[in-house]
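Novice: model_28.csv is reproduced in full below (CSV, C-alpha atoms and all ligand atoms).
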chain,number,residue,atom,x,y,z
C,1,MET,CA,-29.5,41.6,-33.3
C,2,ASN,CA,-28.1,44.1,-30.8
C,3,ARG,CA,-24.5,45.0,-31.8
C,4,LEU,CA,-22.5,46.1,-28.8
C,5,SER,CA,-19.4,48.1,-27.9
C,6,ILE,CA,-18.3,47.1,-24.4
C,7,LEU,CA,-16.0,49.6,-22.8
C,8,GLY,CA,-14.5,48.2,-19.7
C,9,ALA,CA,-14.9,44.6,-20.9
C,10,THR,CA,-12.6,43.0,-18.3
C,11,GLY,CA,-14.2,44.6,-15.2
C,12,SER,CA,-16.9,43.2,-13.1
C,13,ILE,CA,-19.7,44.7,-15.1
C,14,GLY,CA,-18.1,44.0,-18.5
C,15,GLN,CA,-17.6,40.3,-17.5
C,16,SER,CA,-21.2,40.0,-16.3
C,17,ALA,CA,-22.4,41.6,-19.6
C,18,LEU,CA,-20.4,39.1,-21.5
C,19,ASP,CA,-22.0,36.3,-19.5
C,20,ILE,CA,-25.3,37.6,-20.8
C,21,VAL,CA,-24.0,37.7,-24.4
C,22,ARG,CA,-22.8,34.1,-23.9
C,23,MET,CA,-26.3,33.1,-22.8
C,24,TYR,CA,-28.0,34.9,-25.8
C,25,PRO,CA,-25.7,34.7,-28.8
C,26,ASP,CA,-28.8,35.0,-31.1
C,27,ARG,CA,-29.5,38.5,-29.6
C,28,PHE,CA,-26.1,40.1,-29.0
C,29,GLN,CA,-22.9,40.5,-31.0
C,30,VAL,CA,-19.8,42.2,-29.6
C,31,LYS,CA,-18.4,44.5,-32.2
C,32,ALA,CA,-15.9,46.5,-30.1
C,33,MET,CA,-14.3,46.0,-26.7
C,34,THR,CA,-11.9,48.0,-24.5
C,35,ALA,CA,-10.0,47.4,-21.4
C,36,ALA,CA,-7.3,49.3,-19.4
C,37,TYR,CA,-4.9,46.9,-17.8
C,38,ASN,CA,-6.1,43.3,-17.8
C,39,ILE,CA,-4.7,42.4,-21.2
C,40,GLN,CA,-4.6,38.6,-20.6
C,41,CYS,CA,-8.3,38.5,-19.8
C,42,LEU,CA,-9.1,40.8,-22.8
C,43,ALA,CA,-7.1,38.5,-25.1
C,44,LYS,CA,-9.3,35.5,-24.0
C,45,GLN,CA,-12.4,37.5,-24.4
C,46,ILE,CA,-11.4,38.6,-27.9
C,47,ASP,CA,-10.8,34.9,-28.9
C,48,GLU,CA,-14.2,34.0,-27.7
C,49,PHE,CA,-16.4,37.0,-28.8
C,50,LYS,CA,-14.4,38.1,-31.9
C,51,PRO,CA,-15.0,41.8,-31.9
C,52,GLU,CA,-13.9,43.9,-34.9
C,53,ILE,CA,-12.0,46.5,-33.0
C,54,VAL,CA,-10.5,46.7,-29.5
C,55,ALA,CA,-8.8,49.5,-27.6
C,56,VAL,CA,-6.3,49.4,-24.7
C,57,ILE,CA,-4.6,52.1,-22.7
C,58,ASP,CA,-1.3,52.5,-24.5
C,59,LYS,CA,1.0,51.3,-27.3
C,60,LYS,CA,2.8,48.9,-25.0
C,61,GLN,CA,-0.5,47.2,-24.0
C,62,ALA,CA,-1.6,47.1,-27.6
C,63,PHE,CA,1.7,45.3,-28.6
C,64,GLU,CA,1.3,42.9,-25.6
C,65,LEU,CA,-2.3,42.1,-26.7
C,66,SER,CA,-1.4,41.5,-30.3
C,67,ARG,CA,1.2,39.0,-29.0
C,68,LEU,CA,-1.3,37.2,-26.9
C,69,LEU,CA,-4.0,36.7,-29.5
C,70,THR,CA,-4.3,33.2,-30.9
C,71,GLY,CA,-7.4,33.3,-33.1
C,72,THR,CA,-7.2,33.7,-36.8
C,73,LEU,CA,-9.8,36.5,-36.9
C,74,ARG,CA,-7.8,39.4,-35.4
C,75,PRO,CA,-9.5,42.7,-34.5
C,76,GLU,CA,-8.0,46.1,-35.3
C,77,ILE,CA,-6.1,47.1,-32.1
C,78,LEU,CA,-6.3,50.8,-31.1
C,79,PHE,CA,-5.0,52.5,-28.0
C,80,GLY,CA,-5.3,55.6,-25.9
C,81,GLU,CA,-8.1,58.1,-25.6
C,82,GLU,CA,-8.8,58.1,-29.4
C,83,GLY,CA,-9.0,54.3,-29.2
C,84,TYR,CA,-11.7,54.4,-26.6
C,85,ILE,CA,-13.6,57.1,-28.4
C,86,GLU,CA,-13.4,55.1,-31.6
C,87,ALA,CA,-14.8,52.0,-29.8
C,88,ALA,CA,-17.7,54.2,-28.3
C,89,SER,CA,-18.7,55.5,-31.7
C,90,TYR,CA,-17.9,52.4,-33.8
C,91,LYS,CA,-20.0,52.3,-37.0
C,92,ASN,CA,-21.1,48.7,-36.6
C,93,SER,CA,-22.4,49.0,-33.1
C,94,ASP,CA,-25.9,50.0,-32.0
C,95,MET,CA,-25.4,50.2,-28.3
C,96,VAL,CA,-22.5,51.1,-26.0
C,97,LEU,CA,-22.0,49.7,-22.6
C,98,LEU,CA,-19.9,52.2,-20.7
C,99,ALA,CA,-18.5,50.2,-17.9
C,100,MET,CA,-15.0,51.6,-17.4
C,101,VAL,CA,-14.1,53.2,-14.0
C,102,GLY,CA,-13.9,56.9,-13.3
C,103,ALA,CA,-13.5,60.1,-15.3
C,104,ALA,CA,-12.1,58.1,-18.2
C,105,GLY,CA,-15.7,57.5,-19.2
C,106,LEU,CA,-16.5,61.1,-20.0
C,107,LYS,CA,-15.2,61.5,-23.6
C,108,PRO,CA,-16.3,58.1,-24.8
C,109,ALA,CA,-19.8,58.9,-23.4
C,110,LEU,CA,-19.9,62.1,-25.4
C,111,ALA,CA,-18.6,60.3,-28.5
C,112,ALA,CA,-21.3,57.7,-28.2
C,113,ILE,CA,-24.0,60.4,-27.9
C,114,ALA,CA,-22.6,62.3,-30.8
C,115,SER,CA,-22.8,59.2,-33.0
C,116,GLN,CA,-26.3,58.4,-31.7
C,117,LYS,CA,-25.7,55.1,-30.0
C,118,LYS,CA,-28.0,53.8,-27.3
C,119,ILE,CA,-26.1,53.9,-24.0
C,120,ALA,CA,-26.1,51.5,-21.2
C,121,LEU,CA,-24.4,53.5,-18.5
C,122,ALA,CA,-22.5,51.9,-15.6
C,123,ASN,CA,-19.9,54.6,-15.4
C,124,LYS,CA,-21.6,57.0,-12.9
C,125,GLU,CA,-18.6,59.3,-12.7
C,126,THR,CA,-19.5,60.6,-16.2
C,127,LEU,CA,-22.9,61.9,-15.0
C,128,VAL,CA,-21.4,63.2,-11.7
C,129,MET,CA,-18.8,65.3,-13.6
C,130,ALA,CA,-20.9,66.6,-16.5
C,131,GLY,CA,-24.5,65.4,-16.0
C,132,ASP,CA,-26.1,68.6,-17.3
C,133,ILE,CA,-24.1,68.5,-20.5
C,134,ILE,CA,-24.5,64.8,-21.0
C,135,MET,CA,-28.2,64.8,-20.5
C,136,ALA,CA,-28.7,67.9,-22.7
C,137,LYS,CA,-26.7,66.4,-25.5
C,138,ALA,CA,-28.5,63.0,-25.2
C,139,LEU,CA,-31.9,64.8,-25.4
C,140,GLU,CA,-30.7,66.8,-28.4
C,141,LYS,CA,-29.5,63.7,-30.3
C,142,GLY,CA,-32.4,61.6,-29.2
C,143,VAL,CA,-30.1,59.1,-27.4
C,144,SER,CA,-31.5,57.0,-24.6
C,145,ILE,CA,-29.3,56.5,-21.5
C,146,LEU,CA,-30.3,53.3,-19.8
C,147,PRO,CA,-29.0,53.0,-16.2
C,148,VAL,CA,-26.9,49.9,-15.3
C,149,ASP,CA,-26.2,50.9,-11.7
C,150,SER,CA,-28.6,48.7,-9.8
C,151,GLU,CA,-30.2,51.5,-7.8
C,152,HIS,CA,-30.9,53.5,-10.9
C,153,SER,CA,-32.1,50.5,-12.8
C,154,ALA,CA,-34.5,49.9,-9.9
C,155,ILE,CA,-35.8,53.4,-10.1
C,156,PHE,CA,-36.0,53.2,-13.9
C,157,GLN,CA,-38.0,50.0,-13.6
C,158,CYS,CA,-40.4,51.5,-10.9
C,159,LEU,CA,-41.0,54.5,-13.3
C,160,GLN,CA,-42.3,52.3,-16.1
C,161,GLY,CA,-45.9,53.2,-16.8
C,162,ASN,CA,-45.8,56.2,-14.5
C,163,ARG,CA,-45.6,59.9,-15.3
C,164,GLU,CA,-42.5,61.9,-14.3
C,165,LYS,CA,-44.7,64.6,-12.9
C,166,ASP,CA,-46.2,62.2,-10.4
C,167,VAL,CA,-42.9,61.3,-8.8
C,168,LYS,CA,-42.3,62.9,-5.4
C,169,LYS,CA,-39.3,61.2,-4.0
C,170,LEU,CA,-36.5,58.8,-4.8
C,171,TYR,CA,-35.2,56.4,-2.2
C,172,LEU,CA,-31.7,55.2,-2.9
C,173,THR,CA,-30.9,52.0,-0.9
C,174,ALA,CA,-27.4,51.3,0.3
C,175,SER,CA,-26.1,48.1,1.8
C,176,GLY,CA,-24.1,50.3,4.2
C,177,GLY,CA,-20.8,48.6,3.2
C,178,PRO,CA,-18.6,46.6,5.4
C,179,PHE,CA,-18.2,49.2,8.2
C,180,ARG,CA,-21.8,50.0,8.9
C,181,LYS,CA,-21.5,48.6,12.5
C,182,LYS,CA,-18.0,49.8,13.3
C,183,SER,CA,-17.7,52.7,15.7
C,184,PHE,CA,-16.0,56.0,14.8
C,185,GLN,CA,-13.0,55.0,17.0
C,186,GLU,CA,-12.5,51.7,15.1
C,187,PHE,CA,-12.4,53.7,11.8
C,188,GLN,CA,-8.8,54.6,12.6
C,189,HIS,CA,-7.7,51.0,12.2
C,190,ILE,CA,-9.5,50.0,9.0
C,191,SER,CA,-7.2,48.2,6.6
C,192,LEU,CA,-7.2,48.0,2.8
C,193,GLU,CA,-8.2,44.3,3.0
C,194,ASP,CA,-11.2,45.1,5.3
C,195,ALA,CA,-12.3,47.8,2.9
C,196,LEU,CA,-12.1,45.6,-0.1
C,197,HIS,CA,-14.4,43.0,1.4
C,198,HIS,CA,-18.0,43.9,0.6
C,199,PRO,CA,-20.7,42.0,2.5
C,200,THR,CA,-23.3,41.6,-0.3
C,201,TRP,CA,-22.0,42.8,-3.7
C,202,ASN,CA,-19.0,41.4,-5.6
C,203,MET,CA,-17.4,44.4,-7.4
C,204,GLY,CA,-14.2,46.0,-8.7
C,205,LYS,CA,-11.6,47.7,-6.4
C,206,LYS,CA,-12.6,51.3,-6.8
C,207,ILE,CA,-16.3,50.7,-6.3
C,208,SER,CA,-15.6,48.5,-3.3
C,209,ILE,CA,-13.7,51.3,-1.6
C,210,ASP,CA,-16.4,53.7,-2.6
C,211,SER,CA,-19.0,51.4,-1.0
C,212,ALA,CA,-17.0,51.2,2.2
C,213,THR,CA,-16.8,55.0,2.4
C,214,LEU,CA,-20.4,55.4,1.1
C,215,MET,CA,-19.0,57.7,-1.5
C,216,ASN,CA,-20.5,55.3,-4.0
C,217,LYS,CA,-23.9,56.3,-2.7
C,218,GLY,CA,-22.9,59.9,-2.7
C,219,LEU,CA,-22.0,59.7,-6.4
C,220,GLU,CA,-25.3,57.8,-7.0
C,221,ILE,CA,-27.3,60.8,-5.5
C,222,ILE,CA,-25.8,63.0,-8.2
C,223,GLU,CA,-26.3,60.3,-10.9
C,224,ALA,CA,-30.0,59.9,-9.9
C,225,HIS,CA,-30.5,63.7,-9.9
C,226,HIS,CA,-29.4,63.9,-13.5
C,227,LEU,CA,-30.9,60.7,-14.8
C,228,PHE,CA,-34.4,61.3,-13.4
C,229,ASN,CA,-34.4,65.1,-13.1
C,230,VAL,CA,-35.2,65.0,-9.4
C,231,SER,CA,-33.9,67.7,-7.0
C,232,HIS,CA,-31.3,66.6,-4.3
C,233,LYS,CA,-34.0,67.6,-1.8
C,234,ASP,CA,-36.2,64.8,-3.0
C,235,ILE,CA,-33.5,62.1,-2.8
C,236,GLU,CA,-33.1,60.1,0.4
C,237,VAL,CA,-30.5,57.5,1.1
C,238,VAL,CA,-31.7,54.5,3.1
C,239,ILE,CA,-29.4,51.9,4.6
C,240,HIS,CA,-30.7,48.4,3.7
C,241,PRO,CA,-28.1,45.8,4.6
C,242,GLU,CA,-29.9,42.9,3.0
C,243,SER,CA,-29.5,44.5,-0.5
C,244,ILE,CA,-32.9,43.0,-1.7
C,245,VAL,CA,-34.7,46.3,-2.3
C,246,HIS,CA,-32.5,47.9,-5.0
C,247,SER,CA,-34.2,51.3,-4.7
C,248,MET,CA,-37.7,52.8,-4.5
C,249,VAL,CA,-39.8,55.6,-5.9
C,250,GLY,CA,-42.4,57.6,-3.9
C,251,PHE,CA,-45.4,59.0,-5.9
C,252,LYS,CA,-47.6,61.9,-5.0
C,253,ASP,CA,-50.5,59.7,-3.9
C,254,GLY,CA,-48.3,58.2,-1.1
C,255,SER,CA,-47.6,55.0,-3.0
C,256,VAL,CA,-44.1,53.7,-3.0
C,257,MET,CA,-42.8,51.3,-5.6
C,258,ALA,CA,-39.8,49.1,-4.9
C,259,GLN,CA,-37.8,46.9,-7.2
C,260,MET,CA,-36.4,43.8,-5.6
C,261,GLY,CA,-34.1,40.9,-6.5
C,262,ARG,CA,-31.0,39.1,-5.4
C,263,PRO,CA,-27.9,41.3,-5.3
C,264,ASP,CA,-26.6,40.3,-8.7
C,265,MET,CA,-25.7,42.9,-11.3
C,266,LYS,CA,-26.8,40.7,-14.2
C,267,GLY,CA,-30.4,41.8,-13.6
C,268,ALA,CA,-29.7,45.5,-14.1
C,269,ILE,CA,-27.2,44.9,-17.0
C,270,SER,CA,-29.6,42.8,-18.9
C,271,TYR,CA,-32.5,45.2,-18.3
C,272,ALA,CA,-30.5,47.9,-19.9
C,273,LEU,CA,-29.2,45.7,-22.8
C,274,SER,CA,-32.5,44.2,-23.7
C,275,ASN,CA,-34.9,47.0,-22.7
C,276,PRO,CA,-37.9,47.0,-22.9
C,277,GLU,CA,-37.8,43.2,-22.9
C,278,ARG,CA,-36.7,41.1,-19.9
C,279,LEU,CA,-34.4,38.1,-20.5
C,280,ASP,CA,-34.6,34.8,-18.7
C,281,LEU,CA,-31.5,34.9,-16.6
C,282,LYS,CA,-32.3,31.7,-14.7
C,283,MET,CA,-31.9,33.6,-11.5
C,284,ASP,CA,-33.4,32.6,-8.1
C,285,PHE,CA,-35.8,35.0,-6.4
C,286,PRO,CA,-35.0,36.3,-3.0
C,287,ASP,CA,-35.8,33.8,-0.2
C,288,PHE,CA,-38.3,36.0,1.5
C,289,THR,CA,-39.4,33.6,4.3
C,290,GLY,CA,-35.8,32.6,4.9
C,291,LEU,CA,-34.8,36.2,5.3
C,292,HIS,CA,-37.6,37.0,7.8
C,293,PHE,CA,-36.8,40.7,7.8
C,294,LEU,CA,-35.9,43.5,5.4
C,295,THR,CA,-34.4,46.3,7.5
C,296,PHE,CA,-34.0,50.0,6.8
C,297,GLU,CA,-31.9,52.6,8.7
C,298,LYS,CA,-30.9,56.2,8.5
C,299,PRO,CA,-27.3,56.6,7.3
C,300,ASP,CA,-24.8,57.9,9.9
C,301,THR,CA,-23.4,61.0,8.2
C,302,GLU,CA,-20.9,61.7,11.1
C,303,LYS,CA,-19.2,58.4,10.3
C,304,PHE,CA,-19.8,58.7,6.6
C,305,PRO,CA,-19.6,62.4,5.7
C,306,SER,CA,-19.3,61.4,2.0
C,307,LEU,CA,-23.1,61.7,1.8
C,308,LEU,CA,-23.0,65.3,3.0
C,309,PHE,CA,-20.2,66.1,0.5
C,310,ALA,CA,-22.3,64.7,-2.3
C,311,PHE,CA,-25.5,66.5,-1.3
C,312,GLU,CA,-23.5,69.7,-1.1
C,313,ALA,CA,-22.0,69.1,-4.6
C,314,CYS,CA,-25.5,68.2,-6.0
C,315,LYS,CA,-27.0,71.4,-4.5
C,316,GLU,CA,-24.1,73.8,-5.5
C,317,LYS,CA,-23.6,72.2,-8.9
C,318,GLY,CA,-21.2,73.9,-11.3
C,319,THR,CA,-17.8,72.4,-11.2
C,320,LEU,CA,-18.1,71.1,-7.6
C,321,PRO,CA,-19.4,67.6,-8.5
C,322,ALA,CA,-16.4,67.1,-10.8
C,323,VAL,CA,-14.1,68.3,-8.0
C,324,LEU,CA,-15.7,65.9,-5.6
C,325,ASN,CA,-15.3,63.0,-8.0
C,326,ALA,CA,-11.6,63.8,-8.9
C,327,ALA,CA,-10.6,64.2,-5.3
C,328,ASN,CA,-12.3,60.9,-4.5
C,329,GLU,CA,-10.5,59.1,-7.3
C,330,ILE,CA,-7.1,60.4,-6.1
C,331,ALA,CA,-8.0,59.5,-2.5
C,332,VAL,CA,-9.1,56.0,-3.3
C,333,ASN,CA,-6.0,55.4,-5.4
C,334,ALA,CA,-3.8,56.6,-2.6
C,335,PHE,CA,-5.7,54.3,-0.1
C,336,LEU,CA,-5.4,51.4,-2.5
C,337,GLU,CA,-1.6,52.0,-2.6
C,338,LYS,CA,-1.6,52.2,1.2
C,339,ARG,CA,-0.3,55.8,1.1
C,340,ILE,CA,-3.2,57.2,3.2
C,341,GLY,CA,-5.5,55.8,5.8
C,342,PHE,CA,-9.3,55.2,5.5
C,343,MET,CA,-10.3,58.4,7.3
C,344,ASP,CA,-7.9,60.4,5.1
C,345,ILE,CA,-10.2,59.7,2.2
C,346,PHE,CA,-12.9,61.9,3.8
C,347,ARG,CA,-10.3,64.6,4.8
C,348,LEU,CA,-8.8,64.8,1.3
C,349,ILE,CA,-12.2,65.2,-0.4
C,350,SER,CA,-13.4,67.8,2.0
C,351,LYS,CA,-10.3,69.9,1.9
C,352,THR,CA,-10.2,69.8,-1.9
C,353,MET,CA,-13.8,70.8,-2.2
C,354,GLU,CA,-13.3,73.6,0.4
C,355,SER,CA,-10.4,75.1,-1.6
C,356,HIS,CA,-12.2,75.1,-4.9
C,357,THR,CA,-13.7,78.2,-6.5
C,358,ARG,CA,-16.8,76.9,-8.2
C,359,ILE,CA,-17.7,77.9,-11.7
C,360,ASP,CA,-21.5,78.0,-12.5
C,361,ASN,CA,-22.9,76.5,-15.7
C,362,PRO,CA,-19.4,75.3,-16.7
C,363,SER,CA,-18.4,74.3,-20.3
C,364,LEU,CA,-16.9,70.9,-20.8
C,365,PHE,CA,-13.5,72.6,-20.9
C,366,SER,CA,-14.1,74.1,-17.4
C,367,ILE,CA,-15.2,70.8,-16.1
C,368,ILE,CA,-12.1,69.0,-17.4
C,369,GLU,CA,-10.0,71.9,-16.0
C,370,ALA,CA,-11.7,71.6,-12.6
C,371,ASP,CA,-11.1,67.8,-12.7
C,372,SER,CA,-7.3,68.3,-13.3
C,373,TRP,CA,-7.1,71.1,-10.7
C,374,ALA,CA,-8.8,68.8,-8.1
C,375,ARG,CA,-6.5,65.9,-8.9
C,376,GLU,CA,-3.4,68.1,-8.4
C,377,LYS,CA,-4.8,69.7,-5.2
C,378,ALA,CA,-5.7,66.3,-3.7
C,379,GLN,CA,-2.2,64.9,-4.7
C,380,SER,CA,-0.6,67.9,-3.0
C,381,LEU,CA,-2.6,67.3,0.2
C,382,ILE,CA,-1.4,63.7,0.3
C,401,MG,MG,-25.0,51.1,-7.3
Once more with this new file: its structure as C-alpha cells, please.
Specialist:
Amino acid sequence: MNRLSILGATGSIGQSALDIVRMYPDRFQVKAMTAAYNIQCLAKQIDEFKPEIVAVIDKKQAFELSRLLTGTLRPEILFGEEGYIEAASYKNSDMVLLAMVGAAGLKPALAAIASQKKIALANKETLVMAGDIIMAKALEKGVSILPVDSEHSAIFQCLQGNREKDVKKLYLTASGGPFRKKSFQEFQHISLEDALHHPTWNMGKKISIDSATLMNKGLEIIEAHHLFNVSHKDIEVVIHPESIVHSMVGFKDGSVMAQMGRPDMKGAISYALSNPERLDLKMDFPDFTGLHFLTFEKPDTEKFPSLLFAFEACKEKGTLPAVLNAANEIAVNAFLEKRIGFMDIFRLISKTMESHTRIDNPSLFSIIEADSWAREKAQSLI
C-alpha cells in the first residue's frame, strides 16, 4: 500500500491523481491532503478519500471547511505554511505528491525531503528556485524525486536502462501554446480568455498562461537541468504542436529515444506514483495513422523571449532563477487580474531580472530574500 500526502489536491494534477487512487483503491491510500482556495471541492474529496489530516491556507478557510464536512470520520484540519509542512512530512505517509502552484511548494518540498518521503514532483517552481539545494538534500537523505511534469516524466522514462554518462542531449517538446501562429503585431491584442484556452492540454490557470507565454517551457528547462544534471547547453526546446512526443533524449551514439502518448497527465502522474510499475489506465494510444504527421519546429524566441530569459537564468544560476520565477508569478497574477497586457508579462520579467544583483551559491535564506525582492520589484513596475 502506497500512503500518500497530496498537496494541491483540488488542482488539475491533484484531481487526476485522485482519479488514479479511485481506480486503484487496493494500492493507494490518501493520508493527507491540502488545498489553497477551492474549499468546497476539498470537502467533497475529504468525504470520499478520508485523509487523516488536511491543510488549507488560513484560519477562515479551515473554519469554512469544518462547516462543510459531512462525514463522520473527520480529519484534523490545519492551516497556513505549518499546515502544508505538516502534510508534507506526515508520519503516516510514504509518498508526497507536490502539486501546488508556485513558490509555495518550496518549504513543503524541503520538509518532505527532511522526513525522507518519496516525492512525486509536479511543482516545477520549487526546482527552479532552489534546484541545487533540493537535489543536494534529496541525495543526502536518499530521497527519490520522481517527475510528474509530462516532459520530465518522458525523459525519465527514456533514461530507464541507460547510463547517465551516455546522455548527450535533452529535447523538451512544447505544444507552442495557443499563440504559436499569431504574428508579433497580433500579440498586442491577446485577451485573458484567449490565453487561458490551451489547444492540447487541459490545465490550471497559472500553467495555462505560462504555456501561452512559453514561460512554462522556460521553467521546464531549469527543472530538467536540475533533475537530470544536464547543462543548459545540452537542452533544446522543440515545438511539437500535436503533443504526442512528450520529450526525447539523445545519446552519444546518435540514438534518440522519445516517449509518446496522448496528452493526458494521468500517464505521467501514475508513472511517478507507481514507479517502477506501470498501471493499466485504460487509455487509448495515439491514433498514428489518423494523425498522418508529427511536426517539429524551432521556437520563435523573438515572439517568446521567455525561453531566452530561462536559458540566461539557467546559465547564470545563483538567485537569478528564483527572481525569474517570482517576477513571472507576479506578472501572471497581474495578467489574470487584467491589470497588465500579455506583452507586459515579458517586459516585467525582463526588467526585474535586469535590476537584480545576483548572489552566487545562495543559501535558502538568500533565495527566499531574492524571491521577495523580485515580487516587490515586479509589483512596483506594474
Ligand atoms: Mg510540462
Novice: Suppose you want the space between CA of Ala331 in chain C and CA of Ile345 in chain C; what is it in Å?
Specialist: 5.2 Å
Novice: Identify, counting only C-alpha atoms and all ligand atoms, the protein, DNA and RNA residues located within 12 Å of ligand MG 401 (chain C), and give them as a ChimeraX atom specification.
Specialist: /C:13,121-125,147-155,172-177,200-203,207-208,210-211,214-224,237,243,245-247,263-265,268-269
Novice: Determine, counting all atoms listed in the file, which protein, DNA and RNA residues have an atom within 10 Å of an atom of Lys317 in chain C; residues of the same chain fewer than 6 positions away are not included. Present the result as a ChimeraX atom specification.
Specialist: /C:128-132,222,311,358-362
Novice: Could you write out that same residue set with C-alpha atoms as a compact mmCIF listing (two decimals), keeping the file's coordinate frame?
Specialist:
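And here is the file that came out, selection13.txt:
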# COMPACT_ATOMS: atom_id res chain seq x y z
CA VAL C 128 -21.40 63.20 -11.70
CA MET C 129 -18.80 65.30 -13.60
CA ALA C 130 -20.90 66.60 -16.50
CA GLY C 131 -24.50 65.40 -16.00
CA ASP C 132 -26.10 68.60 -17.30
CA ILE C 222 -25.80 63.00 -8.20
CA PHE C 311 -25.50 66.50 -1.30
CA ARG C 358 -16.80 76.90 -8.20
CA ILE C 359 -17.70 77.90 -11.70
CA ASP C 360 -21.50 78.00 -12.50
CA ASN C 361 -22.90 76.50 -15.70
CA PRO C 362 -19.40 75.30 -16.70
Novice: Give me the residues near Val230 in chain C as a list in words, where near means some atom within 9 Å (using all atoms listed in the file) and where sequence neighbours in that chain fewer than 3 positions away do not count.
Specialist: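 So the residues in contact are Val167, Lys168, Lys169, Leu170, Ala224, His225, His226, Leu227, Lys233, Asp234 and Ile235 of chain C.
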Novice: Between C:Tyr171, C:Leu348, C:His197, C:Ile133, which one has atoms that come closest to Thr319 in chain C, using only C-alpha atoms?
Specialist: C:Ile133
Novice: What is the CA of Lys59 in chain C to CA of Glu86 in chain C distance in Å?
Specialist: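 About the pair CA of Lys59 in chain C and CA of Glu86 in chain C: they are 15.5 Å apart.
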